[in-house]
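Trainee: Sharing a structure below in structure tokens format, with a few things to ask.
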Amino acid sequence: MSPGGGVTDGVLDSPAWAALAGPHRRFAEVSGRAVRYHPDVAPFAAVAPDAGDDVWDDLAKLAGPGQVVTVVGAAPPPPAGWEVVLEIPGVQLVDVELDAAADPEAVRLDETDVPEMIDLVERTQPGPFRARTIQLGTYLGLRDRGKLVAMAGERMHPPGWTEISAVCTDPAYRGQGLATRLVRAVAAGIRARGEQPFLHASASNTTAIRLYEALGFRLRHRLTFRVVRTAG
């Protein structure tokens, strides 16, 4: 159970699978025991927790030959002919005592803001953000004289949980607590729905991990984001 009670955290063992089999079903492409987000929404794929080695055939049908996907959660080793392009050790943190609060200066971003959001992501590299990622949930931003200088939003949505993602700040505005404000504001919206916030970070991003722990997140799980290229 989560620290807040009433929410089962087992779905976080395979968050992409749980999201695409549940609240994010409308974004899912499915083949057998494999599933992925539509490519212009997110690059993530997952396999059923009890899947066997033949699940890679299902994933190949989704992605096509010679294509790159990012597999989140446990999966059997890919077969011969597949290439492991990159393995990114990550950490999963859950809200334990976050002081969530709305921010009066934060604005809800919409489709018209996507070009600015992509530009900010490309300059700060918080993780993948694509043309329709904004449809996954609420994204909030802070502006200075009209310029988008910081943002954060919602990504994977396993039942009872919502991931906080795309937390980034323009380098010229760092050190002002903007990311902290936005994480708290996004979390307030998640809690208002009766859900619990969680997030992921690269295990090597110790600065971000320290920030999240200071805010009230705690390590739940270590996982690997495995980028693979299908046989082709």
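Each chain in the structure tokens gets a letter, A, B, ..., in the order shown, and its residues are numbered from 1; ligands are numbered from 1 in order too.
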What residues in chain A get the DSSP label helix (DSSP H, G or I)? Please answer as an MDAnalysis selection string.
Mentor: chainID A and resid 10:13 15:20 25:27 55:63 111:124 133:136 171:173 178:192 206:215
Trainee: Mind dumping a table of every stretch 146-222 of chain A residue within 8 Å of stretch 17-25 of chain A, with the nearest atom pair and its distance in Å to one decimal, using only C-alpha atoms, sorted by chain and rising number, as JSON lines?
Mentor:
```
{"residue": "A:Met156", "atom": "CA", "partner": "A:Ala19", "partner_atom": "CA", "distance": 6.0}
{"residue": "A:His157", "atom": "CA", "partner": "A:Ala19", "partner_atom": "CA", "distance": 4.8}
{"residue": "A:Pro158", "atom": "CA", "partner": "A:Ala19", "partner_atom": "CA", "distance": 4.0}
{"residue": "A:Pro159", "atom": "CA", "partner": "A:Pro23", "partner_atom": "CA", "distance": 6.5}
```
Trainee: Find the residues of stretch 60-111 of chain A that sit at most 10 Å from stretch 168-182 of chain A; for each, write down the nearest two atoms and how far apart they are in Å, to one decimal. Count only C-alpha atoms. Sort by chain, then by number going up, and give it as CSV.
Mentor:
```
residue,atom,partner,partner_atom,distance
A:Ala100,CA,A:Arg181,CA,8.9
A:Ala101,CA,A:Arg181,CA,8.1
A:Ala102,CA,A:Arg181,CA,8.3
A:Asp103,CA,A:Arg181,CA,6.8
A:Glu105,CA,A:Arg181,CA,9.6
A:Ala106,CA,A:Leu182,CA,7.3
A:Val107,CA,A:Leu182,CA,10.0
```
Trainee: What does the file look like for those residues with all heavy atoms, as a PDB file, in the first residue's frame?
Mentor:
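Contents of selection.pdb, freshly written:
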```pdb
ATOM      1  N   ALA A 100       2.179  19.405  -1.384  1.00  0.00           N
ATOM      2  CA  ALA A 100       1.557  19.789  -2.654  1.00  0.00           C
ATOM      3  C   ALA A 100       0.733  21.059  -2.472  1.00  0.00           C
ATOM      4  O   ALA A 100       0.035  21.224  -1.460  1.00  0.00           O
ATOM      5  CB  ALA A 100       0.672  18.662  -3.158  1.00  0.00           C
ATOM      6  N   ALA A 101       0.800  21.948  -3.467  1.00  0.00           N
ATOM      7  CA  ALA A 101       0.048  23.203  -3.379  1.00  0.00           C
ATOM      8  C   ALA A 101      -0.087  23.814  -4.756  1.00  0.00           C
ATOM      9  O   ALA A 101       0.860  23.806  -5.552  1.00  0.00           O
ATOM     10  CB  ALA A 101       0.749  24.182  -2.442  1.00  0.00           C
ATOM     11  N   ALA A 102      -1.245  24.344  -5.061  1.00  0.00           N
ATOM     12  CA  ALA A 102      -1.445  25.060  -6.322  1.00  0.00           C
ATOM     13  C   ALA A 102      -0.558  26.292  -6.363  1.00  0.00           C
ATOM     14  O   ALA A 102      -0.200  26.851  -5.318  1.00  0.00           O
ATOM     15  CB  ALA A 102      -2.908  25.445  -6.466  1.00  0.00           C
ATOM     16  N   ASP A 103      -0.192  26.714  -7.563  1.00  0.00           N
ATOM     17  CA  ASP A 103       0.644  27.902  -7.748  1.00  0.00           C
ATOM     18  C   ASP A 103      -0.146  28.917  -8.552  1.00  0.00           C
ATOM     19  O   ASP A 103      -0.492  28.651  -9.713  1.00  0.00           O
ATOM     20  CB  ASP A 103       1.934  27.530  -8.475  1.00  0.00           C
ATOM     21  CG  ASP A 103       2.959  28.656  -8.463  1.00  0.00           C
ATOM     22  OD1 ASP A 103       2.616  29.767  -8.941  1.00  0.00           O
ATOM     23  OD2 ASP A 103       4.086  28.428  -7.990  1.00  0.00           O
ATOM     24  N   GLU A 105       0.679  31.473 -10.144  1.00  0.00           N
ATOM     25  CA  GLU A 105       1.333  31.981 -11.344  1.00  0.00           C
ATOM     26  C   GLU A 105       1.499  30.914 -12.428  1.00  0.00           C
ATOM     27  O   GLU A 105       1.868  31.236 -13.558  1.00  0.00           O
ATOM     28  CB  GLU A 105       2.700  32.572 -10.991  1.00  0.00           C
ATOM     29  CG  GLU A 105       2.611  33.802 -10.088  1.00  0.00           C
ATOM     30  CD  GLU A 105       3.968  34.405  -9.822  1.00  0.00           C
ATOM     31  OE1 GLU A 105       4.964  33.957 -10.434  1.00  0.00           O
ATOM     32  OE2 GLU A 105       4.049  35.328  -9.002  1.00  0.00           O
ATOM     33  N   ALA A 106       1.245  29.669 -12.088  1.00  0.00           N
ATOM     34  CA  ALA A 106       1.376  28.595 -13.067  1.00  0.00           C
ATOM     35  C   ALA A 106       0.181  28.609 -14.009  1.00  0.00           C
ATOM     36  O   ALA A 106      -0.965  28.769 -13.585  1.00  0.00           O
ATOM     37  CB  ALA A 106       1.470  27.253 -12.363  1.00  0.00           C
ATOM     38  N   VAL A 107       0.456  28.460 -15.298  1.00  0.00           N
ATOM     39  CA  VAL A 107      -0.612  28.451 -16.299  1.00  0.00           C
ATOM     40  C   VAL A 107      -0.715  27.056 -16.906  1.00  0.00           C
ATOM     41  O   VAL A 107       0.286  26.348 -17.059  1.00  0.00           O
ATOM     42  CB  VAL A 107      -0.347  29.489 -17.407  1.00  0.00           C
ATOM     43  CG1 VAL A 107      -0.377  30.893 -16.828  1.00  0.00           C
ATOM     44  CG2 VAL A 107       0.983  29.236 -18.108  1.00  0.00           C
TER      45      VAL A 107
END
```
Trainee: Please, what distance in Å, to one decimal, runs between atom CA of A:Ala166 and atom CA of A:Ala48?
Mentor: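 Atom-to-atom, atom CA of A:Ala166 and atom CA of A:Ala48 are spaced 25.9 Å apart.
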Trainee: Please determine, counting only C-alpha atoms, which residue among A:Ala131, A:Val186, A:Thr207, A:Leu142 has the shortest atom-to-atom distance to A:Glu154.
Mentor: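 Of A:Ala131, A:Val186, A:Thr207, A:Leu142, the one nearest A:Glu154 is A:Val186, counting only C-alpha atoms.
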Trainee: How many Å separate atom CA of A:Val69 from atom CA of A:Gln125?
Mentor: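 That distance, rounded to one decimal, is 18.2 Å.
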Trainee: Mind checking which residues fall within 10 Å of A:Gly160, counting only C-alpha atoms, ignoring those fewer than 2 positions away in the same chain, and posting them as a ChimeraX atom specification?
Mentor: /A:6-9,11-12,19,23,157-158,162,190-191,193-197
Trainee: Give me a file of those residues, with C-alpha atoms, as a compact mmCIF listing (two decimals), in the first residue's frame.
Mentor:
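The new file selection24.txt reads:
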```txt
# COMPACT_ATOMS: atom_id res chain seq x y z
CA GLY A 6 -5.88 2.98 -0.20
CA VAL A 7 -3.69 2.89 -3.30
CA THR A 8 -1.88 -0.31 -4.30
CA ASP A 9 1.65 0.31 -5.54
CA VAL A 11 1.09 -1.50 -10.59
CA LEU A 12 4.25 0.62 -10.45
CA ALA A 19 -1.19 2.62 -17.77
CA PRO A 23 -6.39 4.75 -17.89
CA HIS A 157 -1.01 6.89 -15.49
CA PRO A 158 -1.24 3.47 -13.84
CA THR A 162 0.10 9.60 -12.01
CA ILE A 190 -3.10 14.67 -8.98
CA ARG A 191 -4.09 14.43 -5.34
CA ARG A 193 -8.37 13.42 -8.21
CA GLY A 194 -7.70 11.00 -5.37
CA GLU A 195 -4.51 9.69 -6.98
CA GLN A 196 -0.90 9.59 -5.83
CA PRO A 197 2.13 11.18 -7.53
```
Trainee: I want to know what sits within 8 Å of A:Ile134, based on only C-alpha atoms, with residues of the same chain fewer than 6 positions away left out; could you give that as an NGL selection string?
Mentor: :A and (41 or 110-111 or 114)
Trainee: Can you tell me which residues surround A:Tyr139 at a distance of at most 6 Å, considering only C-alpha atoms, apart from same-chain residues fewer than 2 positions away, and format the answer as a compact mmCIF listing (two decimals) with N, CA and C atoms, in the first residue's frame?
Mentor:
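Result file selection_1.txt:
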```
# COMPACT_ATOMS: atom_id res chain seq x y z
N ARG A 108 -1.93 26.66 -17.22
CA ARG A 108 -2.11 25.36 -17.87
C ARG A 108 -1.75 25.50 -19.34
N LEU A 109 -0.86 24.64 -19.80
CA LEU A 109 -0.40 24.67 -21.18
C LEU A 109 -1.33 23.84 -22.06
N ALA A 152 6.24 21.46 -16.04
CA ALA A 152 6.15 20.11 -15.50
C ALA A 152 4.75 19.60 -15.82
N GLY A 153 4.61 18.28 -15.89
CA GLY A 153 3.29 17.76 -16.23
C GLY A 153 3.13 16.30 -15.87
```
Trainee: Looking at A:Arg143, A:His200, A:Arg210, A:Arg155, which one is nearest to A:Phe27, with distances taken over only C-alpha atoms?
Mentor: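 With only C-alpha atoms as the atom set, the closest residue is A:Arg155.
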